[in-house]
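Structure data follow from run_8.txt (compact mmCIF, C-alpha atoms and all ligand atoms):
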# COMPACT_ATOMS: atom_id res chain seq x y z
CA MET A 198 -51.08 33.90 5.72
CA ILE A 199 -48.73 31.84 7.84
CA SER A 200 -45.57 32.09 5.79
CA GLY A 201 -44.07 32.97 2.45
CA ASN A 202 -43.08 30.73 -0.40
CA THR A 203 -42.90 27.35 1.13
CA PHE A 204 -44.91 24.15 1.04
CA LYS A 205 -45.66 22.61 4.42
CA ILE A 206 -45.88 19.01 5.50
CA GLY A 207 -47.73 18.41 8.76
CA ILE A 208 -47.78 15.09 10.59
CA ASP A 209 -50.05 14.40 13.54
CA MET A 210 -49.10 11.30 15.50
CA GLY A 211 -51.92 9.97 17.61
CA GLY A 212 -52.18 6.87 19.74
CA THR A 213 -54.11 4.97 17.08
CA LYS A 214 -53.62 6.90 13.84
CA THR A 215 -50.98 9.05 12.20
CA GLU A 216 -52.07 11.64 9.67
CA ALA A 217 -50.18 13.65 7.08
CA VAL A 218 -51.16 16.78 5.15
CA LEU A 219 -49.43 18.81 2.50
CA LEU A 220 -50.27 22.52 2.25
CA ASP A 221 -49.15 24.73 -0.60
CA THR A 222 -47.70 28.22 -0.30
CA GLU A 223 -51.23 29.63 0.18
CA ASP A 224 -52.07 26.99 2.80
CA ARG A 225 -54.39 25.09 0.47
CA LEU A 226 -54.68 21.38 1.19
CA LEU A 227 -53.03 19.33 -1.57
CA PHE A 228 -52.74 15.91 -0.02
CA ARG A 229 -53.97 14.09 3.04
CA LYS A 230 -53.43 10.56 4.27
CA ARG A 231 -54.11 8.60 7.46
CA ILE A 232 -52.37 5.41 8.52
CA PRO A 233 -52.64 3.36 11.72
CA THR A 234 -49.94 4.15 14.30
CA PRO A 235 -47.96 0.93 14.85
CA GLY A 236 -48.18 1.34 18.61
CA GLN A 237 -47.50 -2.19 19.75
CA GLU A 238 -44.58 -2.87 17.47
CA GLY A 239 -42.10 -0.54 19.12
CA TYR A 240 -40.09 2.57 18.44
CA GLU A 241 -38.34 1.55 15.21
CA SER A 242 -41.60 0.75 13.49
CA ILE A 243 -43.15 4.08 14.55
CA LEU A 244 -40.07 5.94 13.33
CA HIS A 245 -40.09 4.18 9.96
CA SER A 246 -43.82 4.54 9.43
CA VAL A 247 -43.55 8.32 9.96
CA TYR A 248 -40.53 8.42 7.67
CA GLY A 249 -42.44 6.49 4.98
CA LEU A 250 -45.44 8.81 5.29
CA ILE A 251 -43.22 11.89 4.90
CA ARG A 252 -41.51 10.40 1.84
CA GLU A 253 -44.87 9.66 0.25
CA THR A 254 -46.11 13.20 0.98
CA CYS A 255 -42.89 14.69 -0.44
CA ARG A 256 -43.65 13.11 -3.80
CA MET A 257 -46.60 15.53 -4.20
CA ILE A 258 -44.35 18.61 -3.94
CA PRO A 259 -43.30 20.24 -7.23
CA GLU A 260 -39.65 19.82 -8.05
CA ASN A 261 -37.33 22.47 -6.58
CA ALA A 262 -40.06 23.89 -4.32
CA GLY A 263 -39.04 24.59 -0.75
CA TYR A 264 -40.90 22.86 2.06
CA THR A 265 -40.94 22.49 5.82
CA ILE A 266 -41.89 19.52 8.01
CA GLY A 267 -43.68 19.83 11.34
CA ILE A 268 -44.71 16.92 13.52
CA GLY A 269 -47.12 16.86 16.44
CA ILE A 270 -46.47 14.15 19.01
CA PRO A 271 -48.19 13.18 22.25
CA GLY A 272 -45.19 14.32 24.29
CA ILE A 273 -42.39 16.88 24.17
CA ILE A 274 -38.75 16.96 23.08
CA ASP A 275 -36.64 17.95 26.07
CA SER A 276 -34.53 20.90 24.92
CA GLU A 277 -31.55 19.74 26.99
CA THR A 278 -31.42 15.99 26.35
CA ARG A 279 -33.26 16.07 22.98
CA LEU A 280 -35.17 12.97 24.12
CA VAL A 281 -38.95 12.58 24.11
CA THR A 282 -40.49 13.04 27.55
CA ASN A 283 -44.04 13.09 28.92
CA ALA A 284 -45.27 10.85 26.09
CA ASN A 285 -48.28 8.69 26.68
CA THR A 286 -47.16 6.64 23.66
CA VAL A 287 -44.74 4.79 25.88
CA CYS A 288 -42.35 3.57 23.21
CA LEU A 289 -41.43 7.16 22.22
CA THR A 290 -40.32 7.97 25.75
CA ASP A 291 -36.59 8.62 26.19
CA ARG A 292 -35.95 8.21 22.46
CA PRO A 293 -34.22 10.86 20.27
CA PHE A 294 -37.18 10.87 17.86
CA GLN A 295 -36.42 14.23 16.24
CA ASP A 296 -32.71 13.50 15.73
CA ASP A 297 -33.43 10.02 14.35
CA LEU A 298 -36.00 11.34 11.90
CA GLU A 299 -33.71 14.18 10.77
CA ALA A 300 -30.93 11.63 10.16
CA LEU A 301 -33.24 9.47 8.02
CA LEU A 302 -34.57 12.45 6.03
CA ASN A 303 -31.30 14.35 5.97
CA ARG A 304 -33.14 17.61 6.66
CA PRO A 305 -34.51 19.48 9.70
CA VAL A 306 -37.94 18.75 11.11
CA ARG A 307 -39.73 20.51 13.91
CA VAL A 308 -41.38 18.37 16.55
CA GLU A 309 -43.98 19.90 18.81
CA ASN A 310 -46.43 18.74 21.46
CA ASP A 311 -49.80 17.86 19.89
CA ALA A 312 -51.81 20.13 22.21
CA ASN A 313 -49.52 23.01 21.21
CA CYS A 314 -50.20 22.20 17.54
CA PHE A 315 -53.95 22.25 18.22
CA THR A 316 -53.69 25.60 20.02
CA LEU A 317 -51.58 27.12 17.24
CA ALA A 318 -54.04 26.03 14.53
CA GLU A 319 -57.08 27.35 16.41
CA SER A 320 -55.24 30.61 17.20
CA LEU A 321 -54.26 31.22 13.60
CA LYS A 322 -57.32 30.02 11.71
CA GLY A 323 -59.93 28.72 14.13
CA ALA A 324 -61.99 29.79 17.11
CA GLY A 325 -59.05 31.61 18.75
CA LYS A 326 -58.32 33.84 15.76
CA GLY A 327 -58.01 37.48 16.75
CA TYR A 328 -57.43 36.79 20.45
CA GLY A 329 -54.04 37.62 21.98
CA LEU A 330 -53.48 34.92 24.58
CA VAL A 331 -55.25 31.65 23.76
CA PHE A 332 -55.34 28.65 26.04
CA GLY A 333 -56.12 25.48 24.07
CA ILE A 334 -57.42 22.38 25.77
CA ILE A 335 -57.72 18.89 24.35
CA MET A 336 -60.27 16.85 26.26
CA GLY A 337 -60.43 13.33 24.90
CA THR A 338 -59.17 10.05 26.26
CA GLY A 339 -56.60 12.20 28.10
CA CYS A 340 -56.30 15.92 28.73
CA GLY A 341 -53.66 18.23 27.28
CA GLY A 342 -53.22 21.96 26.96
CA GLY A 343 -51.20 24.61 25.19
CA ILE A 344 -50.66 28.36 25.19
CA CYS A 345 -50.35 30.67 22.18
CA ILE A 346 -49.57 34.34 22.45
CA ASN A 347 -50.32 36.45 19.36
CA GLY A 348 -50.21 33.37 17.13
CA LYS A 349 -46.99 31.94 18.57
CA ILE A 350 -46.61 28.91 20.81
CA ARG A 351 -45.35 29.69 24.28
CA LYS A 352 -43.18 26.67 25.05
CA GLY A 353 -41.91 27.61 28.49
CA MET A 354 -38.56 26.91 30.12
CA HIS A 355 -39.01 23.13 30.01
CA GLY A 356 -41.39 22.90 27.08
CA ILE A 357 -44.32 22.14 29.36
CA ALA A 358 -46.22 25.45 29.27
CA GLY A 359 -49.95 24.74 29.29
CA GLU A 360 -49.64 21.12 30.46
CA TRP A 361 -52.42 21.42 33.00
CA GLY A 362 -53.58 17.81 32.42
CA HIS A 363 -51.02 16.61 34.91
CA PHE A 364 -51.57 19.26 37.50
CA SER A 365 -52.55 17.33 40.62
CA VAL A 366 -55.75 18.77 42.10
CA ASP A 367 -56.60 15.93 44.50
CA THR A 368 -53.93 14.22 46.57
CA ARG A 369 -56.37 11.44 47.43
CA GLY A 370 -57.58 11.13 43.86
CA ALA A 371 -57.15 8.33 41.33
CA ALA A 372 -53.66 7.22 40.29
CA CYS A 373 -52.51 8.72 36.99
CA TYR A 374 -50.16 7.08 34.46
CA CYS A 375 -47.68 9.91 35.13
CA GLY A 376 -47.12 8.64 38.67
CA ARG A 377 -49.07 11.35 40.48
CA GLN A 378 -52.56 11.17 41.94
CA GLY A 379 -55.66 13.18 41.17
CA CYS A 380 -54.32 14.93 38.06
CA VAL A 381 -56.73 17.15 36.11
CA GLU A 382 -56.69 14.37 33.50
CA THR A 383 -58.17 11.88 35.99
CA LYS A 384 -61.05 14.30 36.63
CA ILE A 385 -62.10 15.71 33.29
CA SER A 386 -60.87 13.41 30.50
CA GLY A 387 -63.11 10.73 29.01
CA GLY A 388 -60.81 8.03 30.37
CA GLY A 389 -60.79 9.63 33.81
CA VAL A 390 -64.57 9.95 34.02
CA GLU A 391 -65.03 6.34 32.84
CA ALA A 392 -62.54 5.06 35.44
CA ALA A 393 -64.23 7.07 38.21
CA PHE A 394 -67.60 5.66 37.17
CA TYR A 395 -66.26 2.11 37.32
CA ALA A 396 -64.63 2.70 40.73
CA ARG A 397 -67.88 4.07 42.12
CA TYR A 398 -70.50 1.80 40.53
CA GLY A 399 -68.58 -1.25 39.27
CA ALA A 400 -69.97 -0.75 35.76
CA ARG A 401 -67.96 -0.05 32.63
CA LEU A 402 -69.69 2.74 30.71
CA THR A 403 -68.11 4.88 28.02
CA MET A 404 -68.14 8.67 28.31
CA THR A 405 -70.75 8.74 25.53
CA GLU A 406 -72.97 6.32 27.47
CA ILE A 407 -72.56 8.38 30.65
CA LEU A 408 -73.56 11.52 28.73
CA GLU A 409 -76.60 9.77 27.20
CA GLY A 410 -77.60 8.44 30.63
CA TYR A 411 -77.32 11.94 32.09
CA ARG A 412 -79.55 13.34 29.34
CA LYS A 413 -82.14 10.64 30.05
CA GLY A 414 -82.03 11.38 33.78
CA GLU A 415 -80.43 8.07 34.85
CA ASN A 416 -79.29 8.54 38.45
CA ARG A 417 -75.71 7.21 38.39
CA CYS A 418 -74.94 8.94 35.08
CA ARG A 419 -76.47 12.16 36.36
CA THR A 420 -74.27 12.11 39.47
CA ALA A 421 -71.14 11.22 37.48
CA PHE A 422 -71.75 13.82 34.80
CA LEU A 423 -72.56 16.63 37.23
CA ASP A 424 -69.38 15.74 39.16
CA PHE A 425 -67.49 15.97 35.88
CA LEU A 426 -68.93 19.42 35.12
CA GLU A 427 -68.06 20.57 38.63
CA GLU A 428 -64.45 19.39 38.18
CA PHE A 429 -64.31 21.04 34.76
CA GLY A 430 -65.38 24.32 36.37
CA ARG A 431 -62.94 23.97 39.23
CA CYS A 432 -59.94 23.05 37.04
CA LEU A 433 -60.62 25.62 34.31
CA GLY A 434 -61.67 28.31 36.78
CA GLY A 435 -58.37 27.90 38.59
CA LEU A 436 -56.46 28.01 35.37
CA ILE A 437 -58.24 31.20 34.26
CA SER A 438 -57.34 32.78 37.60
CA VAL A 439 -53.65 32.04 36.94
CA LEU A 440 -53.40 32.82 33.25
CA ASP A 441 -56.37 35.13 32.58
CA PRO A 442 -56.33 34.26 28.87
CA ASP A 443 -58.19 36.24 26.19
CA ALA A 444 -59.93 33.05 25.04
CA VAL A 445 -60.08 29.33 25.82
CA VAL A 446 -60.60 26.90 22.92
CA ILE A 447 -61.67 23.33 23.61
CA GLY A 448 -60.86 20.40 21.33
CA GLY A 449 -60.90 16.62 21.53
CA GLY A 450 -63.85 14.22 21.61
CA LEU A 451 -65.46 15.81 24.68
CA SER A 452 -65.53 19.25 23.06
CA ASN A 453 -68.71 18.22 21.22
CA MET A 454 -70.76 18.09 24.42
CA ASP A 455 -73.05 21.15 24.45
CA GLU A 456 -73.30 20.96 28.26
CA LEU A 457 -69.71 22.21 28.56
CA TYR A 458 -70.65 25.56 27.05
CA GLY A 459 -73.72 26.03 29.23
CA LEU A 460 -73.60 24.36 32.64
CA GLY A 461 -69.82 23.93 32.37
CA ILE A 462 -69.18 27.65 31.84
CA GLN A 463 -71.53 28.49 34.74
CA ARG A 464 -69.28 26.42 36.99
CA VAL A 465 -66.08 27.94 35.60
CA ARG A 466 -67.46 31.35 36.57
CA ARG A 467 -68.11 30.10 40.06
CA TYR A 468 -64.51 28.97 40.57
CA ALA A 469 -62.49 31.71 38.85
CA PHE A 470 -61.27 34.50 41.11
CA HIS A 471 -63.38 37.32 39.72
CA PRO A 472 -67.07 38.21 40.21
CA ASN A 473 -67.80 38.55 36.50
CA ILE A 474 -65.64 36.24 34.38
CA ARG A 475 -66.08 37.13 30.69
CA THR A 476 -63.43 34.84 29.15
CA PRO A 477 -64.82 33.37 25.90
CA ILE A 478 -64.79 29.55 26.29
CA LEU A 479 -65.16 28.31 22.75
CA LYS A 480 -65.61 25.12 20.84
CA ASN A 481 -62.88 24.54 18.26
CA GLN A 482 -63.64 25.35 14.61
CA LEU A 483 -61.15 23.11 12.84
CA GLY A 484 -62.33 19.84 14.35
CA ASP A 485 -60.11 16.82 13.86
CA SER A 486 -57.95 18.78 11.42
CA ALA A 487 -56.55 21.23 13.98
CA GLY A 488 -53.71 18.96 15.11
CA VAL A 489 -52.37 18.14 11.69
CA PHE A 490 -52.73 21.70 10.31
CA GLY A 491 -51.07 23.06 13.44
CA ALA A 492 -48.21 20.63 12.88
CA ALA A 493 -47.79 21.94 9.34
CA TRP A 494 -47.67 25.55 10.57
CA VAL A 495 -45.33 24.64 13.41
CA GLY A 496 -42.74 23.49 10.89
CA VAL A 497 -42.37 26.94 9.35
ZN ZN A 501 -50.93 12.74 35.62
Would you encode the structure as structure tokens?
Amino acid sequence: MISGNTFKIGIDMGGTKTEAVLLDTEDRLLFRKRIPTPGQEGYESILHSVYGLIRETCRMIPENAGYTIGIGIPGIIDSETRLVTNANTVCLTDRPFQDDLEALLNRPVRVENDANCFTLAESLKGAGKGYGLVFGIIMGTGCGGGICINGKIRKGMHGIAGEWGHFSVDTRGAACYCGRQGCVETKISGGGVEAAFYARYGARLTMTEILEGYRKGENRCRTAFLDFLEEFGRCLGGLISVLDPDAVVIGGGLSNMDELYGLGIQRVRRYAFHPNIRTPILKNQLGDSAGVFGAAWVGV
């Protein structure tokens, strides 16, 4: 049970789609809807599409019932300036998204980083349930992370706790959109692996094609994929040495690759600063729903 007598609206804003759910007081799913995120049309259109989606979801709530609204975004709200920072959806950056939405709705909303929403959901009801300190990773087009301690998000002083995706691990590495070079994201995200493959071989393969090529024993794919697993081990092994979490839960498109939980974990063990690393490194249980359910629980 997450909370008492309140309905919960969760909104998960992604780069291409925005999803809404409505949960009742027992966390049962009452309503769910996905719409395309109007990415190219600018801030106002994103703001109004989220507003419209919330209004539509509100219509499913019984009259006089209390409800909360939580929103997961690919960025964070700076606690000092109240502006969105670190967003890879560029048109949200430096905008007072939370304040603008609260003004439109005339009620409070809680806005949280999408990787934090994922980690919260998996900690409360997914693979991380029952573990004290959970590190959640989203490995997809990009790479994000979040920390939950006993079912609560650890935000950190600047709201960036767990943001290992933009930890630079290679000063001579590929340029990252954040302005740094060789970020974890350039090494172990789908986009990063694809870009590295292109830089090395001049061929544009998707992460899925690289994985298939590796499984078939194709030389270039084999090299690229084994490099990727090595980087995964190095980045996560280092992180485990710093945080020593009780469990790591992996989400995002790359979390479906079985190799991560076999060869990948072998390499993590090699890089973490302990001779016998036992940290459970787990595949998520809530799948694509983790982000939007986490957003709903974040609003409480
Ligand atoms: Zn970066």
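Using only C-alpha atoms and all ligand atoms, residues with at least one atom at most 7 Å away from any atom of ligand ZN 501 (chain A) are Gly362, His363, Phe364, Ser365, Cys373, Tyr374, Cys375, Gly376, Arg377, Gln378, Cys380 and Glu382 of chain A.
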Legend entry - Near-stretch 338-348 of chain A list (8 Å; all atoms listed in the file; drop same-chain fewer than 3 positions) as an MDAnalysis selection string: chainID A and resid 312:313 315:317 320:321 328:335 351:352 358:362 381:382 385:389 450
Emit the selected residues as a tab-separated table (two decimals), keeping the file's coordinate frame, including C-alpha atoms.
chain	number	residue	atom	x	y	z
A	312	ALA	CA	-51.81	20.13	22.21
A	313	ASN	CA	-49.52	23.01	21.21
A	315	PHE	CA	-53.95	22.25	18.22
A	316	THR	CA	-53.69	25.60	20.02
A	317	LEU	CA	-51.58	27.12	17.24
A	320	SER	CA	-55.24	30.61	17.20
A	321	LEU	CA	-54.26	31.22	13.60
A	328	TYR	CA	-57.43	36.79	20.45
A	329	GLY	CA	-54.04	37.62	21.98
A	330	LEU	CA	-53.48	34.92	24.58
A	331	VAL	CA	-55.25	31.65	23.76
A	332	PHE	CA	-55.34	28.65	26.04
A	333	GLY	CA	-56.12	25.48	24.07
A	334	ILE	CA	-57.42	22.38	25.77
A	335	ILE	CA	-57.72	18.89	24.35
A	351	ARG	CA	-45.35	29.69	24.28
A	352	LYS	CA	-43.18	26.67	25.05
A	358	ALA	CA	-46.22	25.45	29.27
A	359	GLY	CA	-49.95	24.74	29.29
A	360	GLU	CA	-49.64	21.12	30.46
A	361	TRP	CA	-52.42	21.42	33.00
A	362	GLY	CA	-53.58	17.81	32.42
A	381	VAL	CA	-56.73	17.15	36.11
A	382	GLU	CA	-56.69	14.37	33.50
A	385	ILE	CA	-62.10	15.71	33.29
A	386	SER	CA	-60.87	13.41	30.50
A	387	GLY	CA	-63.11	10.73	29.01
A	388	GLY	CA	-60.81	8.03	30.37
A	389	GLY	CA	-60.79	9.63	33.81
A	450	GLY	CA	-63.85	14.22	21.61
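Checking A:Arg252, A:Ser438, A:Met257, A:Lys230 one by one against A:Asn473, counting only C-alpha atoms, you find the shortest gap at A:Ser438.
Protein, DNA and RNA residues at most 10 Å from (-46.3, 14.3, -1.6), with only C-alpha atoms, are these: Ile206, Ala217, Val218, Leu219, Leu220, Leu227, Phe228, Arg229, Lys230, Leu250, Ile251, Arg252, Glu253, Thr254, Cys255, Arg256, Met257, Ile258 and Pro259 of chain A.
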Edge lengths and centre in Å to one decimal, as lines of an AutoDock Vina configuration file, of the axis-aligned box that encloses all listed atoms of stretch 375-392 of chain A with 6 Å added on every side?
center_x = -56.1
center_y = 11.1
center_z = 35.5
size_x = 29.9
size_y = 24.1
size_z = 24.9
Inset, instruction - In Å, rounded to a single decimal, give me how far atom CA of A:Ile478 is from atom CA of A:Thr383. - result: 21.2 Å
Legend entry - For atom CA of A:Ile447 and atom CA of A:Met336, the interatomic separation in Å (one decimal): 7.1 Å
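Here atom CA of A:Ala371 stands at a distance of 25.8 Å from atom CA of A:Gly356.
Distances from A:Ala421, A:Val306, A:Arg369, A:Met210 to A:Ala393 were compared using all atoms listed in the file, and the smallest one belongs to A:Ala421.
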Inset, instruction - Pull the neighbourhood of (-68.3, 30.7, 28.6) for me: all residues within 12 Å in file coordinates, counting all atoms listed in the file, as a VMD selection string. - result: chain A and resid 430 433 to 434 437 443 to 447 455 to 467 469 473 to 480
Enumerate, in order of chain and increasing residue number, the residues of stretch 286-352 of chain A with an atom no farther than 10 Å from stretch 242-247 of chain A, each with its shortest atom pair and distance in Å to one decimal, counting all atoms listed in the file, as JSON lines.
{"residue": "A:Cys288", "atom": "CA", "partner": "A:Ile243", "partner_atom": "CA", "distance": 8.7}
{"residue": "A:Leu289", "atom": "CA", "partner": "A:Ile243", "partner_atom": "CA", "distance": 8.4}
{"residue": "A:Phe294", "atom": "CA", "partner": "A:Leu244", "partner_atom": "CA", "distance": 7.3}
{"residue": "A:Gln295", "atom": "CA", "partner": "A:Leu244", "partner_atom": "CA", "distance": 9.5}
{"residue": "A:Asp297", "atom": "CA", "partner": "A:Leu244", "partner_atom": "CA", "distance": 7.9}
{"residue": "A:Leu298", "atom": "CA", "partner": "A:Leu244", "partner_atom": "CA", "distance": 6.9}
{"residue": "A:Leu301", "atom": "CA", "partner": "A:His245", "partner_atom": "CA", "distance": 8.9}
